[in-house]
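> Sharing final-v9.pdb, PDB, C-alpha atoms:
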MODEL        1
ATOM      1  CA  MET X   1       0.000   0.000   0.000
ATOM      2  CA  ARG X   2       1.163   3.559  -0.683
ATOM      3  CA  THR X   3       1.017   6.093   2.126
ATOM      4  CA  PHE X   4      -0.196   9.665   1.705
ATOM      5  CA  ASP X   5       3.433  10.744   1.225
ATOM      6  CA  GLY X   6       4.364   8.004  -1.228
ATOM      7  CA  LEU X   7       5.982   5.336   0.968
ATOM      8  CA  ARG X   8       5.299   1.660   0.374
ATOM      9  CA  LEU X   9       3.940  -0.286   3.345
ATOM     10  CA  ASP X  10       4.205  -4.057   3.662
ATOM     11  CA  VAL X  11       0.654  -5.112   4.605
ATOM     12  CA  ARG X  12      -0.547  -8.664   5.250
ATOM     13  CA  THR X  13      -4.146  -9.814   5.489
ATOM     14  CA  TYR X  14      -5.454 -13.121   6.799
ATOM     15  CA  GLY X  15      -9.003 -14.161   5.963
ATOM     16  CA  PRO X  16     -11.624 -12.942   3.467
ATOM     17  CA  GLU X  17     -12.931  -9.412   3.078
ATOM     18  CA  ASP X  18     -16.625 -10.164   3.652
ATOM     19  CA  VAL X  19     -16.469 -10.980   7.362
ATOM     20  CA  PRO X  20     -18.273  -9.365  10.295
ATOM     21  CA  VAL X  21     -15.090  -8.517  12.254
ATOM     22  CA  THR X  22     -11.578  -7.427  11.305
ATOM     23  CA  VAL X  23      -8.759  -7.447  13.854
ATOM     24  CA  VAL X  24      -6.241  -4.668  13.170
ATOM     25  CA  LEU X  25      -2.899  -4.985  14.986
ATOM     26  CA  ALA X  26      -0.243  -2.231  15.165
ATOM     27  CA  HIS X  27       3.251  -3.364  16.217
ATOM     28  CA  CYS X  28       5.943  -1.895  18.458
ATOM     29  CA  TRP X  29       8.871   0.410  17.691
ATOM     30  CA  THR X  30      11.915  -1.163  15.929
ATOM     31  CA  LEU X  31      10.261  -4.542  15.370
ATOM     32  CA  ASN X  32       7.735  -5.346  12.612
ATOM     33  CA  GLN X  33       4.445  -7.175  12.193
ATOM     34  CA  GLU X  34       6.086 -10.402  13.408
ATOM     35  CA  ASP X  35       5.539  -8.808  16.814
ATOM     36  CA  TRP X  36       2.023 -10.268  16.523
ATOM     37  CA  HIS X  37       2.807 -13.630  14.903
ATOM     38  CA  TYR X  38       1.655 -15.689  17.888
ATOM     39  CA  GLN X  39      -1.637 -13.774  18.022
ATOM     40  CA  VAL X  40      -2.283 -14.083  14.271
ATOM     41  CA  ARG X  41      -1.804 -17.841  14.520
ATOM     42  CA  ALA X  42      -4.060 -18.120  17.574
ATOM     43  CA  LEU X  43      -6.824 -16.028  15.970
ATOM     44  CA  GLN X  44      -6.707 -18.122  12.808
ATOM     45  CA  ARG X  45      -6.810 -21.327  14.802
ATOM     46  CA  GLU X  46      -9.760 -20.108  16.882
ATOM     47  CA  PHE X  47     -11.903 -18.416  14.224
ATOM     48  CA  GLY X  48     -10.622 -19.560  10.839
ATOM     49  CA  HIS X  49     -12.155 -17.609   7.950
ATOM     50  CA  ARG X  50     -14.892 -16.085  10.116
ATOM     51  CA  ILE X  51     -12.679 -13.051  10.751
ATOM     52  CA  ARG X  52      -9.982 -11.071   8.970
ATOM     53  CA  VAL X  53      -6.684 -10.057  10.579
ATOM     54  CA  VAL X  54      -4.657  -7.136   9.223
ATOM     55  CA  THR X  55      -1.046  -6.432  10.160
ATOM     56  CA  TRP X  56       1.573  -4.224   8.547
ATOM     57  CA  ASP X  57       5.098  -2.929   8.981
ATOM     58  CA  HIS X  58       5.107   0.692  10.085
ATOM     59  CA  ARG X  59       6.961   3.171   7.900
ATOM     60  CA  GLY X  60      10.675   2.768   8.531
ATOM     61  CA  HIS X  61      10.232  -0.789   9.824
ATOM     62  CA  GLY X  62      10.546  -4.291   8.391
ATOM     63  CA  GLY X  63       9.598  -4.592   4.739
ATOM     64  CA  SER X  64       8.118  -1.103   4.483
ATOM     65  CA  ASP X  65      10.016   1.831   3.005
ATOM     66  CA  SER X  66      12.391   3.856   5.130
ATOM     67  CA  ALA X  67      11.224   7.346   6.033
ATOM     68  CA  PRO X  68      13.222  10.508   6.659
ATOM     69  CA  LYS X  69      13.594  11.453  10.295
ATOM     70  CA  SER X  70      11.103  14.321   9.932
ATOM     71  CA  ALA X  71       8.440  11.833   8.770
ATOM     72  CA  CYS X  72       9.035   9.405  11.648
ATOM     73  CA  THR X  73       6.165  10.595  13.830
ATOM     74  CA  ILE X  74       3.269   8.979  15.640
ATOM     75  CA  GLU X  75       0.960  11.371  13.800
ATOM     76  CA  ASN X  76       2.101   9.878  10.488
ATOM     77  CA  LEU X  77       1.749   6.335  11.816
ATOM     78  CA  ALA X  78      -1.879   7.149  12.616
ATOM     79  CA  ARG X  79      -2.469   8.524   9.113
ATOM     80  CA  ASP X  80      -0.991   5.310   7.740
ATOM     81  CA  MET X  81      -3.202   3.220  10.016
ATOM     82  CA  ALA X  82      -6.313   5.061   8.865
ATOM     83  CA  ASP X  83      -5.381   4.306   5.254
ATOM     84  CA  VAL X  84      -4.690   0.646   6.070
ATOM     85  CA  ILE X  85      -8.153   0.356   7.624
ATOM     86  CA  GLU X  86      -9.866   2.116   4.725
ATOM     87  CA  THR X  87      -8.063  -0.084   2.199
ATOM     88  CA  TYR X  88      -8.173  -3.502   3.864
ATOM     89  CA  ALA X  89     -11.107  -3.267   6.290
ATOM     90  CA  PRO X  90     -13.468  -0.679   4.788
ATOM     91  CA  THR X  91     -16.629  -2.154   6.331
ATOM     92  CA  GLY X  92     -17.673  -4.177   9.334
ATOM     93  CA  LYS X  93     -16.717  -4.157  12.985
ATOM     94  CA  LEU X  94     -13.154  -3.512  14.133
ATOM     95  CA  VAL X  95     -11.163  -4.906  17.021
ATOM     96  CA  ILE X  96      -8.023  -2.785  17.337
ATOM     97  CA  GLY X  97      -4.828  -3.717  19.137
ATOM     98  CA  GLY X  98      -1.626  -1.751  19.632
ATOM     99  CA  HIS X  99       1.674  -2.673  21.256
ATOM    100  CA  SER X 100       3.999   0.079  22.480
ATOM    101  CA  ILE X 101       4.210   2.688  19.692
ATOM    102  CA  GLY X 102       1.367   0.770  18.041
ATOM    103  CA  GLY X 103      -0.851   1.636  21.004
ATOM    104  CA  MET X 104       0.238   5.262  20.743
ATOM    105  CA  THR X 105      -0.704   5.084  17.065
ATOM    106  CA  VAL X 106      -4.215   3.952  18.012
ATOM    107  CA  MET X 107      -4.491   6.976  20.336
ATOM    108  CA  ALA X 108      -3.285   9.326  17.599
ATOM    109  CA  LEU X 109      -5.847   7.761  15.242
ATOM    110  CA  ALA X 110      -8.556   8.479  17.831
ATOM    111  CA  GLU X 111      -7.333  12.077  17.990
ATOM    112  CA  GLN X 112      -7.241  12.536  14.194
ATOM    113  CA  ARG X 113     -10.148  10.390  13.049
ATOM    114  CA  PRO X 114     -12.600   9.762  15.907
ATOM    115  CA  GLU X 115     -15.257   8.704  13.400
ATOM    116  CA  VAL X 116     -13.269   5.533  12.683
ATOM    117  CA  PHE X 117     -14.052   4.461  16.241
ATOM    118  CA  ASP X 118     -17.759   4.313  15.453
ATOM    119  CA  ARG X 119     -16.872   0.860  14.061
ATOM    120  CA  VAL X 120     -14.549  -0.202  16.897
ATOM    121  CA  VAL X 121     -16.204  -2.789  19.122
ATOM    122  CA  ALA X 122     -13.160  -3.624  21.280
ATOM    123  CA  ALA X 123      -9.629  -2.388  21.899
ATOM    124  CA  LEU X 124      -6.433  -3.816  23.349
ATOM    125  CA  PHE X 125      -3.507  -1.727  24.585
ATOM    126  CA  VAL X 126      -0.360  -3.736  25.259
ATOM    127  CA  ALA X 127       2.694  -2.286  27.027
ATOM    128  CA  THR X 128       2.074   1.259  25.860
ATOM    129  CA  SER X 129       1.613   4.812  27.115
ATOM    130  CA  SER X 130      -0.690   7.778  26.698
ATOM    131  CA  GLY X 131       2.091  10.258  27.483
ATOM    132  CA  GLN X 132       4.726  11.494  29.936
ATOM    133  CA  LEU X 133       7.371   9.202  28.466
ATOM    134  CA  ASP X 134       9.982  11.853  29.209
ATOM    135  CA  THR X 135       9.625  10.879  32.890
ATOM    136  CA  VAL X 136      10.554   7.211  32.379
ATOM    137  CA  THR X 137      13.766   6.225  34.193
ATOM    138  CA  LEU X 138      14.213   2.682  32.780
ATOM    139  CA  GLY X 139      14.497   1.528  36.374
ATOM    140  CA  LEU X 140      17.637   3.649  36.801
ATOM    141  CA  PRO X 141      16.519   6.620  38.919
ATOM    142  CA  GLU X 142      19.729   8.672  38.635
ATOM    143  CA  MET X 143      21.044   7.738  35.190
ATOM    144  CA  GLY X 144      17.700   6.860  33.581
ATOM    145  CA  PRO X 145      17.051  10.047  31.559
ATOM    146  CA  PHE X 146      20.594  10.032  30.154
ATOM    147  CA  VAL X 147      20.540   6.311  29.313
ATOM    148  CA  ARG X 148      17.052   6.583  27.804
ATOM    149  CA  ALA X 149      18.209   9.211  25.314
ATOM    150  CA  GLN X 150      21.491   7.496  24.483
ATOM    151  CA  ILE X 151      20.145   4.030  23.640
ATOM    152  CA  PRO X 152      18.445   4.976  20.331
ATOM    153  CA  ARG X 153      21.376   7.196  19.384
ATOM    154  CA  MET X 154      23.864   4.425  20.095
ATOM    155  CA  LEU X 155      21.856   1.922  18.053
ATOM    156  CA  ALA X 156      21.516   4.463  15.243
ATOM    157  CA  PHE X 157      25.284   5.034  15.287
ATOM    158  CA  ARG X 158      25.887   1.301  14.918
ATOM    159  CA  SER X 159      23.381   1.217  12.064
ATOM    160  CA  ARG X 160      25.198   4.044  10.264
ATOM    161  CA  THR X 161      28.702   2.682  10.765
ATOM    162  CA  LEU X 162      28.260  -1.109  10.535
ATOM    163  CA  THR X 163      26.568  -3.252   7.921
ATOM    164  CA  LYS X 164      23.593  -5.408   8.822
ATOM    165  CA  ARG X 165      25.794  -8.436   8.228
ATOM    166  CA  ALA X 166      28.378  -7.188  10.715
ATOM    167  CA  ARG X 167      25.748  -6.463  13.350
ATOM    168  CA  ARG X 168      24.097  -9.845  12.851
ATOM    169  CA  ARG X 169      27.470 -11.530  13.242
ATOM    170  CA  ALA X 170      28.168  -9.702  16.520
ATOM    171  CA  PRO X 171      24.978  -8.138  17.914
ATOM    172  CA  ILE X 172      26.560  -7.535  21.308
ATOM    173  CA  ILE X 173      24.950  -4.154  22.025
ATOM    174  CA  GLU X 174      21.572  -5.097  20.551
ATOM    175  CA  ARG X 175      21.405  -8.256  22.673
ATOM    176  CA  ARG X 176      22.259  -6.344  25.846
ATOM    177  CA  VAL X 177      19.592  -3.738  25.166
ATOM    178  CA  VAL X 178      16.981  -6.419  24.472
ATOM    179  CA  ALA X 179      17.822  -8.488  27.545
ATOM    180  CA  ARG X 180      18.180  -5.541  29.939
ATOM    181  CA  PHE X 181      15.382  -3.232  28.866
ATOM    182  CA  LEU X 182      12.818  -5.125  26.760
ATOM    183  CA  PHE X 183      12.219  -8.543  28.292
ATOM    184  CA  GLY X 184      11.208  -9.792  31.697
ATOM    185  CA  ARG X 185      11.418 -13.390  32.901
ATOM    186  CA  PRO X 186      11.547 -15.927  31.339
ATOM    187  CA  MET X 187      12.998 -14.822  27.991
ATOM    188  CA  ARG X 188      12.765 -17.285  25.111
ATOM    189  CA  LEU X 189      15.845 -17.095  22.922
ATOM    190  CA  SER X 190      13.768 -17.223  19.724
ATOM    191  CA  ASP X 191      11.757 -14.175  20.848
ATOM    192  CA  ALA X 192      14.904 -12.282  21.807
ATOM    193  CA  ALA X 193      16.470 -13.129  18.435
ATOM    194  CA  LEU X 194      13.400 -11.830  16.596
ATOM    195  CA  THR X 195      13.597  -8.579  18.544
ATOM    196  CA  VAL X 196      17.334  -8.183  17.955
ATOM    197  CA  ASP X 197      16.822  -8.721  14.230
ATOM    198  CA  GLY X 198      14.113  -6.051  14.184
ATOM    199  CA  ILE X 199      16.513  -3.547  15.734
ATOM    200  CA  ILE X 200      19.248  -4.470  13.245
ATOM    201  CA  ASN X 201      16.809  -3.929  10.365
ATOM    202  CA  SER X 202      15.746  -0.492  11.615
ATOM    203  CA  ALA X 203      17.252   2.573   9.958
ATOM    204  CA  PRO X 204      18.896   5.309  12.058
ATOM    205  CA  ALA X 205      16.039   7.720  11.275
ATOM    206  CA  THR X 206      13.547   5.157  12.588
ATOM    207  CA  MET X 207      15.382   4.792  15.872
ATOM    208  CA  VAL X 208      16.032   8.460  16.576
ATOM    209  CA  GLY X 209      13.007  10.054  14.887
ATOM    210  CA  PHE X 210      10.345   7.985  16.604
ATOM    211  CA  TYR X 211      12.136   8.169  19.948
ATOM    212  CA  GLU X 212      12.200  11.949  19.840
ATOM    213  CA  ASP X 213       8.538  12.096  18.829
ATOM    214  CA  CYS X 214       7.541   9.706  21.618
ATOM    215  CA  MET X 215       8.914  12.204  24.124
ATOM    216  CA  HIS X 216       6.179  14.631  22.988
ATOM    217  CA  HIS X 217       3.369  12.060  22.827
ATOM    218  CA  ASP X 218       0.455  12.998  25.116
ATOM    219  CA  ARG X 219      -2.919  11.737  23.939
ATOM    220  CA  ALA X 220      -4.776  10.612  27.047
ATOM    221  CA  ASP X 221      -7.755  12.839  26.202
ATOM    222  CA  ALA X 222      -8.200  11.084  22.846
ATOM    223  CA  LEU X 223      -9.033   7.850  24.698
ATOM    224  CA  LYS X 224     -12.481   9.282  25.477
ATOM    225  CA  VAL X 225     -13.797   7.790  22.220
ATOM    226  CA  LEU X 226     -13.445   4.327  23.799
ATOM    227  CA  ASP X 227     -15.681   5.010  26.796
ATOM    228  CA  GLY X 228     -18.038   2.046  27.116
ATOM    229  CA  VAL X 229     -16.169   0.044  24.460
ATOM    230  CA  PRO X 230     -14.656  -3.179  25.881
ATOM    231  CA  THR X 231     -11.033  -2.175  26.376
ATOM    232  CA  HIS X 232      -8.226  -4.196  27.938
ATOM    233  CA  VAL X 233      -4.879  -2.782  29.025
ATOM    234  CA  LEU X 234      -1.963  -5.165  29.620
ATOM    235  CA  VAL X 235       1.393  -4.359  31.212
ATOM    236  CA  GLY X 236       4.261  -6.323  32.770
ATOM    237  CA  THR X 237       5.603  -5.599  36.232
ATOM    238  CA  ARG X 238       9.125  -5.531  34.761
ATOM    239  CA  ASP X 239       8.284  -3.172  31.894
ATOM    240  CA  VAL X 240      10.746  -0.291  32.257
ATOM    241  CA  LEU X 241       9.866   1.416  28.937
ATOM    242  CA  THR X 242       6.131   1.855  29.570
ATOM    243  CA  PRO X 243       5.776   0.999  33.277
ATOM    244  CA  PRO X 244       2.572  -0.064  35.047
ATOM    245  CA  ALA X 245       1.772   3.534  36.020
ATOM    246  CA  HIS X 246       1.408   4.348  32.309
ATOM    247  CA  ALA X 247      -1.016   1.458  31.833
ATOM    248  CA  ARG X 248      -3.061   2.643  34.803
ATOM    249  CA  ARG X 249      -3.276   6.105  33.277
ATOM    250  CA  ILE X 250      -4.716   4.606  30.080
ATOM    251  CA  ALA X 251      -7.238   2.519  32.010
ATOM    252  CA  ASP X 252      -8.236   5.542  34.097
ATOM    253  CA  HIS X 253      -9.066   7.486  30.933
ATOM    254  CA  VAL X 254     -11.361   4.811  29.429
ATOM    255  CA  GLU X 255     -14.667   4.188  31.158
ATOM    256  CA  GLY X 256     -14.963   0.481  31.952
ATOM    257  CA  ALA X 257     -11.420  -0.456  30.882
ATOM    258  CA  VAL X 258      -9.873  -3.594  32.404
ATOM    259  CA  LEU X 259      -6.236  -3.449  33.520
ATOM    260  CA  THR X 260      -4.099  -6.583  33.853
ATOM    261  CA  VAL X 261      -0.636  -6.325  35.404
ATOM    262  CA  VAL X 262       1.429  -9.376  34.473
ATOM    263  CA  PRO X 263       3.996 -10.594  37.038
ATOM    264  CA  ASP X 264       7.644 -10.709  35.905
ATOM    265  CA  ALA X 265       6.823  -9.756  32.295
ATOM    266  CA  GLY X 266       8.652  -6.997  30.472
ATOM    267  CA  HIS X 267       7.818  -4.790  27.513
ATOM    268  CA  MET X 268       7.442  -7.496  24.841
ATOM    269  CA  LEU X 269       4.167  -9.004  26.033
ATOM    270  CA  PRO X 270       2.936 -10.304  22.633
ATOM    271  CA  LEU X 271       6.059 -12.491  22.605
ATOM    272  CA  GLU X 272       6.694 -13.042  26.319
ATOM    273  CA  ARG X 273       3.108 -13.814  27.299
ATOM    274  CA  ASP X 274       1.691 -14.788  23.929
ATOM    275  CA  GLU X 275      -1.072 -16.993  25.318
ATOM    276  CA  LEU X 276      -2.362 -14.226  27.583
ATOM    277  CA  VAL X 277      -2.367 -11.638  24.783
ATOM    278  CA  SER X 278      -3.911 -14.089  22.308
ATOM    279  CA  GLY X 279      -6.563 -15.164  24.794
ATOM    280  CA  THR X 280      -7.492 -11.553  25.507
ATOM    281  CA  LEU X 281      -7.931 -10.834  21.797
ATOM    282  CA  ILE X 282     -10.026 -13.968  21.335
ATOM    283  CA  ARG X 283     -12.330 -12.920  24.194
ATOM    284  CA  LEU X 284     -12.708  -9.471  22.658
ATOM    285  CA  VAL X 285     -13.597 -10.886  19.227
ATOM    286  CA  ARG X 286     -15.909 -13.747  20.183
ATOM    287  CA  PRO X 287     -19.045 -11.757  21.190
ATOM    288  CA  HIS X 288     -19.209 -10.140  17.754
ATOM    289  CA  LEU X 289     -19.440 -13.307  15.644
TER     290      LEU X 289
ENDMDL
END
For the file at hand, write its structure as structure tokens.

Amino acid sequence: MRTFDGLRLDVRTYGPEDVPVTVVLAHCWTLNQEDWHYQVRALQREFGHRIRVVTWDHRGHGGSDSAPKSACTIENLARDMADVIETYAPTGKLVIGGHSIGGMTVMALAEQRPEVFDRVVAALFVATSSGQLDTVTLGLPEMGPFVRAQIPRMLAFRSRTLTKRARRRAPIIERRVVARFLFGRPMRLSDAALTVDGIINSAPATMVGFYEDCMHHDRADALKVLDGVPTHVLVGTRDVLTPPAHARRIADHVEGAVLTVVPDAGHMLPLERDELVSGTLIRLVRPHL
């Protein structure tokens, strides 16, 4: 699909067009739509061709085109998401899920296009935030703000100065970042490897541009459109990027929202606690078939 500014997005659909419900899943920063691969499989196994699932690689991620730093914004991700919905799920009910920056994208979509949410019958926010990310300390009270800003810049520097092949051969920094800041306990090696590969495939502009824009993200008021809509918010106790307090703020801004705090889990809940995330999505979809 082409975006409004001419970028190509890698979009995948599962299931026919003429179904009553489409599940639309927006992935996290520096990974790609494989972020949701456990959930796509579980939804297909549970519902078969009775639903459609739509995933895509955000601009600057995975198989989608790179974007200049100035275009790496949550606002643009929301414009892209609106176009994905209009193109691949133009009618019927929507169940929307967002992980990390994907959840922020859903909030920006609510801010830009609240009419889209007339079709939303359920929502899932996974390890994400409605704002105040500039207060996150990564669990390092004194050094947190400095470390938080340096991580994307360090990864971007490696991306500019080393080939993907070189970083895949010796992903020392990427592995340390993933193990220390992204995952809780336990950490499956296959999930960590998928996350490391997503970072290696991300362009410098993706890493720095979206990070800088996240620091200005504040869209709690946009969540009002989900009042009364079944909404689940999931967060891990070991999530240092979007801590439990950020999940509580989301739940507090949506009337009737359900908050689940997952012991020992980190930021990568769709991978770390795939059965929990998949089961939550299945429960959100089932009443509408």
> With 7 Å as the cut-off and only C-alpha atoms counted, what is the closest atom pair between each nearby residue of segment 60-140 of chain X and segment 228-233 of chain X? Distances in Å to one decimal, ordered by chain and number, as CSV.

residue,atom,partner,partner_atom,distance
X:Val121,CA,X:Val229,CA,6.0
X:Ala122,CA,X:Pro230,CA,4.9
X:Ala123,CA,X:Thr231,CA,4.7
X:Leu124,CA,X:His232,CA,4.9
X:Phe125,CA,X:Val233,CA,4.8
X:Val126,CA,X:Val233,CA,6.0
> For segment 140-147 of chain X, work out the shell of residues within 12 Å, counting only C-alpha atoms and skipping chain neighbours fewer than 6 positions away, then give it as an MDAnalysis selection string.
chainID X and resid 133:134 153:154 177 180:181 215 240:241
> Would you put the residues from that selection into a file with C-alpha atoms, as a PDB file, in the frame of the given file?

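Below is the file that was written, result34.pdb:
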ATOM      1  CA  LEU X 133       7.371   9.202  28.466  1.00  0.00           C
ATOM      2  CA  ASP X 134       9.982  11.853  29.209  1.00  0.00           C
ATOM      3  CA  ARG X 153      21.376   7.196  19.384  1.00  0.00           C
ATOM      4  CA  MET X 154      23.864   4.425  20.095  1.00  0.00           C
ATOM      5  CA  VAL X 177      19.592  -3.738  25.166  1.00  0.00           C
ATOM      6  CA  ARG X 180      18.180  -5.541  29.939  1.00  0.00           C
ATOM      7  CA  PHE X 181      15.382  -3.232  28.866  1.00  0.00           C
ATOM      8  CA  MET X 215       8.914  12.204  24.124  1.00  0.00           C
ATOM      9  CA  VAL X 240      10.746  -0.291  32.257  1.00  0.00           C
ATOM     10  CA  LEU X 241       9.866   1.416  28.937  1.00  0.00           C
TER      11      LEU X 241
END
> Selected by the PyMOL selection byres ((chain X and resi 165-173) around 12) in the shown coordinates: which residues, as an MDAnalysis selection string?
chainID X and resid 151:152 154:164 174:181 192:202
> Which residues match the PyMOL selection byres ((chain X and resi 100-114) around 6) in the file above, as number ranges by chain?
X: 26-29, 74, 77-78, 98-99, 115-117, 125, 127-128, 222
> Find the residue from X:His253, X:Arg238, X:His49, X:Arg188 that sits nearest to Ala220 of chain X; use only C-alpha atoms when measuring.
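That would be X:His253, the residue with the smallest distance to Ala220 of chain X.
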> Using all atoms listed in the file, can you list as number ranges by chain the residues within 10 Å of (-17.1, 0.3, 11.2)?
X: 20-22, 85-86, 89-95, 115-121
> Tell me which residues the PyMOL selection byres ((chain X and resi 211) around 9) grabs here, as a ChimeraX atom specification.
/X:29,72-73,149,152,206-210,212-215
> List every residue of segment 140-225 of chain X that has an atom at most 9 Å from any atom of segment 270-282 of chain X, giving for each one its closest atom pair and the distance in Å to one decimal, counting only C-alpha atoms, sorted by chain and then by ascending residue number, as a tab-separated table.

residue	atom	partner	partner_atom	distance
X:Phe183	CA	X:Glu272	CA	7.4
X:Gly184	CA	X:Glu272	CA	7.7
X:Arg185	CA	X:Glu272	CA	8.1
X:Pro186	CA	X:Glu272	CA	7.6
X:Met187	CA	X:Glu272	CA	6.8
X:Arg188	CA	X:Glu272	CA	7.5
X:Asp191	CA	X:Leu271	CA	6.2
X:Ala192	CA	X:Leu271	CA	8.9
> Can you tell me how far atom CA of Leu9 of chain X sits from atom CA of Ala203 of chain X, in Å to one decimal?
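It comes out at 15.1 Å.
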> Extending 4 Å beyond the listed atoms of segment 23-31 of chain X on each side, what axis-aligned box results? I want centre and edge lengths in Å to one decimal, as AutoDock Vina command-line options.

--center_x 1.6 --center_y -3.5 --center_z 15.8 --size_x 28.7 --size_y 15.9 --size_z 13.3
> Quick one: pull the distance between atom CA of Val262 of chain X and atom CA of Ile51 of chain X, Å, one decimal.
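Atom-to-atom, atom CA of Val262 of chain X and atom CA of Ile51 of chain X are spaced 27.8 Å apart.
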> Atom CA of Ala67 of chain X and atom CA of Thr55 of chain X, how far apart in Å?
18.9 Å
> Counting all atoms listed in the file, write as a ChimeraX atom specification all protein and nucleic acid residues lying at most 10 Å from (-18.9, 6.3, 25.7) in the file's frame.
/X:224-229,254-256
> Go through X:Leu138, X:Ala257, X:Val11, X:Leu289 one by one, measure the shortest atom-to-atom distance of each to Gly48 of chain X using all atoms listed in the file, and give the residue with the smallest value.
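The answer is X:Leu289, which sits nearest to Gly48 of chain X.
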> Just checking: using only C-alpha atoms, which residue out of X:Pro68, X:Met1, X:Val19, X:Val53 ends up closest to Ala205 of chain X?
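Of all the options, X:Pro68 lies closest to Ala205 of chain X.
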> Which residues, written as a list in words, have at least one atom at most 12 Å from Arg8 of chain X, with all atoms listed in the file counted and residues fewer than 4 positions away on the same chain left out?
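The residues satisfying every condition are Met1, Arg2, Thr3, Phe4, Trp56, Asp57, His58, Arg59, Gly60, His61, Gly62, Gly63, Ser64, Asp65, Ser66, Ala67, Asp80 and Val84 of chain X.
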> Which is closer to Glu34 of chain X than all the others in X:Arg52, X:Arg12, X:Pro287, X:Pro263, using all atoms listed in the file?
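So, comparing all the options, the nearest one is X:Arg12.
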> For the structure just given, write the atoms of segment 159-176 of chain X, namely N, CA and C atoms, as an mmCIF file, in the first residue's frame.

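Okay, part02.cif is ready:
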data_model
loop_
_atom_site.group_PDB
_atom_site.id
_atom_site.type_symbol
_atom_site.label_atom_id
_atom_site.label_comp_id
_atom_site.auth_asym_id
_atom_site.auth_seq_id
_atom_site.Cartn_x
_atom_site.Cartn_y
_atom_site.Cartn_z
ATOM 1 N N SER X 159 24.031 1.431 13.353
ATOM 2 C CA SER X 159 23.381 1.217 12.064
ATOM 3 C C SER X 159 24.055 2.006 10.953
ATOM 4 N N ARG X 160 24.536 3.211 11.272
ATOM 5 C CA ARG X 160 25.198 4.044 10.264
ATOM 6 C C ARG X 160 26.603 3.564 9.945
ATOM 7 N N THR X 161 27.273 2.977 10.926
ATOM 8 C CA THR X 161 28.702 2.682 10.765
ATOM 9 C C THR X 161 29.012 1.213 10.507
ATOM 10 N N LEU X 162 28.044 0.318 10.758
ATOM 11 C CA LEU X 162 28.260 -1.109 10.535
ATOM 12 C C LEU X 162 27.182 -1.662 9.610
ATOM 13 N N THR X 163 27.548 -2.611 8.798
ATOM 14 C CA THR X 163 26.568 -3.252 7.921
ATOM 15 C C THR X 163 25.642 -4.142 8.743
ATOM 16 N N LYS X 164 24.501 -4.472 8.150
ATOM 17 C CA LYS X 164 23.593 -5.408 8.822
ATOM 18 C C LYS X 164 24.290 -6.744 9.055
ATOM 19 N N ARG X 165 25.083 -7.161 8.081
ATOM 20 C CA ARG X 165 25.794 -8.436 8.228
ATOM 21 C C ARG X 165 26.728 -8.409 9.433
ATOM 22 N N ALA X 166 27.450 -7.308 9.587
ATOM 23 C CA ALA X 166 28.378 -7.188 10.715
ATOM 24 C C ALA X 166 27.636 -7.192 12.038
ATOM 25 N N ARG X 167 26.506 -6.507 12.096
ATOM 26 C CA ARG X 167 25.748 -6.463 13.350
ATOM 27 C C ARG X 167 25.085 -7.798 13.649
ATOM 28 N N ARG X 168 24.661 -8.515 12.614
ATOM 29 C CA ARG X 168 24.097 -9.845 12.851
ATOM 30 C C ARG X 168 25.168 -10.814 13.333
ATOM 31 N N ARG X 169 26.380 -10.637 12.839
ATOM 32 C CA ARG X 169 27.470 -11.530 13.242
ATOM 33 C C ARG X 169 27.869 -11.280 14.702
ATOM 34 N N ALA X 170 27.781 -10.044 15.145
ATOM 35 C CA ALA X 170 28.168 -9.702 16.520
ATOM 36 C C ALA X 170 27.213 -8.676 17.103
ATOM 37 N N PRO X 171 25.976 -9.096 17.398
ATOM 38 C CA PRO X 171 24.978 -8.138 17.914
ATOM 39 C C PRO X 171 25.101 -7.925 19.424
ATOM 40 N N ILE X 172 26.293 -7.600 19.871
ATOM 41 C CA ILE X 172 26.560 -7.535 21.308
ATOM 42 C C ILE X 172 25.700 -6.468 21.978
ATOM 43 N N ILE X 173 25.700 -5.259 21.417
ATOM 44 C CA ILE X 173 24.950 -4.154 22.025
ATOM 45 C C ILE X 173 23.451 -4.415 21.930
ATOM 46 N N GLU X 174 23.000 -4.845 20.759
ATOM 47 C CA GLU X 174 21.572 -5.097 20.551
ATOM 48 C C GLU X 174 21.057 -6.152 21.542
ATOM 49 N N ARG X 175 21.834 -7.212 21.734
ATOM 50 C CA ARG X 175 21.405 -8.256 22.673
ATOM 51 C C ARG X 175 21.314 -7.731 24.099
ATOM 52 N N ARG X 176 22.273 -6.881 24.483
ATOM 53 C CA ARG X 176 22.259 -6.344 25.846
ATOM 54 C C ARG X 176 21.060 -5.433 26.054
#
